[in-house]
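Visitor: Handing you a structure now.
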Amino acid sequence: MPIARPFPLVLAALTAMVSFAVAGVADVRAQGCVASRMNAPSVSGATDPEGNSYYLPDGRWQASFGYRTYRSHRHFVGSVEQDGSPGTVDRRSNEVVNHVHIPELTLSYGFSDRLSATLDLPVDFLHRRNPPRAATSTNPAVPAAYTDARGIGDATLVTRYWVGNPSHHGSQNLSVGLGFKVPTGKDDVDGTFFRGLIGEVQAFKSFGSVTAFATGSYLVNPRATNGVQTGRSDPNEAVMSVADQYGARLGITMPIRFLKGVGLTLDARMEGVPSSDLVGSSAGFRRPGYSIGIEPGLSYTWKKTAFAVSVPYLVRRVRSQSYADKLATAATGSFVNGDAAFADYIVIAGFTRRF
């Protein structure tokens, strides 16, 4: 007689974890320039690079610890760096510098060989330096200003489903995911449990020892603004906007034959914030734009444990017109496009364990 799986118990455990996360609200949060935390879903895991490395089997758990860090300081308007070249402002001597560190904890459970759920909880450690300002005829000199913020970010809960049965699609498959974001990160939490909707897709196909993959995700934030005052003089930028985010990856992964358990990954990574949201108003202050990076990576798998590191090097950085920029352009008749600070590269590391 088959033994029933404890589905209600597992679902209750995941729900309890989300409830606990909502109760453990962070002390403070901050937004840098173009948001670059949003990860496209990963197709690597705690398995060897030969077989069903993309599937979380029925009744199995997977715990992960990830870490992401970058230093953004290069200022762009559109796709042009403000480095003093003809037609640009030289921001190299008075640049804003953001140091971002984001560790995150992830827990996944396989309800079946095709259906799984993942809870992700990031923690933000942010440091910002504003440059000093020289004295003018009307204003005194202003020294450099430093701002620090830390706290729990917004948690996400995503369910994923493999379109093809894993037992018959070991070399290629397509997964779709749907989930939501909850306000565990405090920016004046208003008590609303639901805050954003997440849609994602991932696919892979093996060609011998080489596997090609593509992933994409989009976070819909229907809320217009979060009520946090910016102190900016433009009334259209007086309150922080709650922006959508998106991410995508396209690349290949393969094992190194002479190093057991070691794999290589090379892909293109795109991340960004749109000027206009899919749902709701796009009002408020945001710095929309996107970055494209070439991302080499290295992984090591031993039994049920995996380690991975990758370093996306950004080859294109664009600060798009925001909704407020477009309103200012229409009002003045002159093209307005604000700036944003971008990193040169990002360091991403992770540890995964299945049990």
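Chains: A, B, ... in order of the structure tokens. Residues: from 1 per chain. Ligands: from 1, in order shown.
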Could you give me, as a PyMOL selection string, the residues within 10 Å of stretch 296-310 of chain A, counting only C-alpha atoms and dropping anything in the same chain fewer than 3 positions from it?

Guide: chain A and resi 44-49+62-68+251-256+259-268+293+313+346-355

Visitor: Using only C-alpha atoms, which residues sit within 6 Å of A:Asp120 once same-chain residues fewer than 3 positions away are excluded, as a VMD selection string?

Guide: chain A and resid 105 to 106 155 to 156

Visitor: Identify which of the residues A:Ser175, A:Arg128, A:Gly280, A:Thr184 lies closest to A:Arg71, counting only C-alpha atoms when measuring atom-to-atom distances.

Guide: A:Arg128

Visitor: Any idea what the distance is between atom CA of A:Asp124 and atom CA of A:Tyr218?

Guide: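 Rounded to one decimal, the two atoms are 20.5 Å apart.
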
Visitor: To one decimal place in Å, what is the distance between atom CA of A:Leu126 and atom CA of A:Ala149?

Guide: 5.1 Å

Visitor: Got a sec: who's within 7 Å of A:Trp162, counting only C-alpha atoms, leaving out chain neighbours fewer than 2 positions off, as a short mmCIF file (atom, residue, chain, number, x, y, z; two decimals) with all heavy atoms, in the first residue's frame?

Guide:
data_model
loop_
_atom_site.label_atom_id
_atom_site.label_comp_id
_atom_site.auth_asym_id
_atom_site.auth_seq_id
_atom_site.Cartn_x
_atom_site.Cartn_y
_atom_site.Cartn_z
N ARG A 114 7.74 17.06 -10.97
CA ARG A 114 7.50 18.18 -11.88
C ARG A 114 7.17 19.48 -11.17
O ARG A 114 7.37 20.56 -11.73
CB ARG A 114 6.38 17.83 -12.87
CG ARG A 114 6.66 16.61 -13.69
CD ARG A 114 5.47 16.16 -14.52
NE ARG A 114 5.24 17.01 -15.66
CZ ARG A 114 4.40 16.70 -16.65
NH1 ARG A 114 3.70 15.56 -16.60
NH2 ARG A 114 4.23 17.52 -17.67
N LEU A 115 6.67 19.41 -9.95
CA LEU A 115 6.20 20.61 -9.25
C LEU A 115 7.03 20.84 -7.99
O LEU A 115 7.23 19.94 -7.18
CB LEU A 115 4.73 20.44 -8.86
CG LEU A 115 4.09 21.59 -8.08
CD1 LEU A 115 4.01 22.85 -8.94
CD2 LEU A 115 2.70 21.18 -7.58
N ARG A 160 7.18 26.20 -9.32
CA ARG A 160 7.67 25.93 -10.67
C ARG A 160 7.17 24.57 -11.14
O ARG A 160 7.07 23.64 -10.34
CB ARG A 160 9.20 25.96 -10.70
CG ARG A 160 9.79 27.30 -10.29
CD ARG A 160 11.31 27.31 -10.39
NE ARG A 160 11.83 28.64 -10.11
CZ ARG A 160 12.26 29.05 -8.93
NH1 ARG A 160 12.22 28.21 -7.90
NH2 ARG A 160 12.72 30.27 -8.76
N GLY A 164 7.44 19.10 -19.48
CA GLY A 164 7.69 17.71 -19.84
C GLY A 164 7.97 16.85 -18.62
O GLY A 164 8.55 17.32 -17.63
N ASN A 165 7.53 15.61 -18.67
CA ASN A 165 7.79 14.69 -17.56
C ASN A 165 9.29 14.43 -17.47
O ASN A 165 9.90 13.98 -18.44
CB ASN A 165 7.04 13.37 -17.80
CG ASN A 165 7.07 12.47 -16.58
OD1 ASN A 165 8.06 12.42 -15.86
ND2 ASN A 165 5.99 11.74 -16.36
N ASN A 173 13.89 20.32 -21.63
CA ASN A 173 12.61 20.55 -20.97
C ASN A 173 12.37 22.04 -20.83
O ASN A 173 13.28 22.87 -21.07
CB ASN A 173 12.57 19.89 -19.60
CG ASN A 173 11.17 19.41 -19.23
OD1 ASN A 173 10.17 19.93 -19.73
ND2 ASN A 173 11.10 18.41 -18.36
N LEU A 174 11.14 22.35 -20.45
CA LEU A 174 10.71 23.75 -20.26
C LEU A 174 9.97 23.84 -18.93
O LEU A 174 9.10 23.02 -18.63
CB LEU A 174 9.80 24.17 -21.40
CG LEU A 174 9.09 25.53 -21.25
CD1 LEU A 174 10.11 26.66 -21.33
CD2 LEU A 174 8.01 25.70 -22.32
N SER A 175 10.32 24.84 -18.13
CA SER A 175 9.70 25.07 -16.84
C SER A 175 9.05 26.44 -16.81
O SER A 175 9.60 27.41 -17.33
CB SER A 175 10.73 24.97 -15.72
OG SER A 175 10.22 25.44 -14.49
N VAL A 176 7.87 26.52 -16.18
CA VAL A 176 7.20 27.81 -15.98
C VAL A 176 7.01 27.99 -14.48
O VAL A 176 6.81 27.03 -13.73
CB VAL A 176 5.85 27.88 -16.71
CG1 VAL A 176 6.07 27.89 -18.21
CG2 VAL A 176 4.94 26.73 -16.31
#

Visitor: Pick from A:Tyr345, A:Phe285, A:Tyr146, A:Tyr54: nearest to A:Val242, with only C-alpha atoms counted?

Guide: A:Phe285

Visitor: Identify all residues of stretch 126-182 of chain A in strand (DSSP E or B) (DSSP on the backbone) and supply them as a ChimeraX atom specification.

Guide: /A:126-130,133,142,145-152,155-162,172-182

Visitor: Pick out the closest residue to A:Arg316 from this set: A:Arg74, A:His127, A:Arg92, A:Arg133. Count only C-alpha atoms.

Guide: A:Arg74

Visitor: Could you work out how far atom CA of A:Tyr246 lies from atom CA of A:Pro222, giving the answer in Å with one decimal?

Guide: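 Going from atom CA of A:Pro222 over to atom CA of A:Tyr246 covers 14.3 Å.
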
Visitor: So, with only C-alpha atoms as the atoms that count, which of A:Val201, A:Ile294, A:Leu121, A:Val163 lies closest to A:Pro183?

Guide: A:Leu121
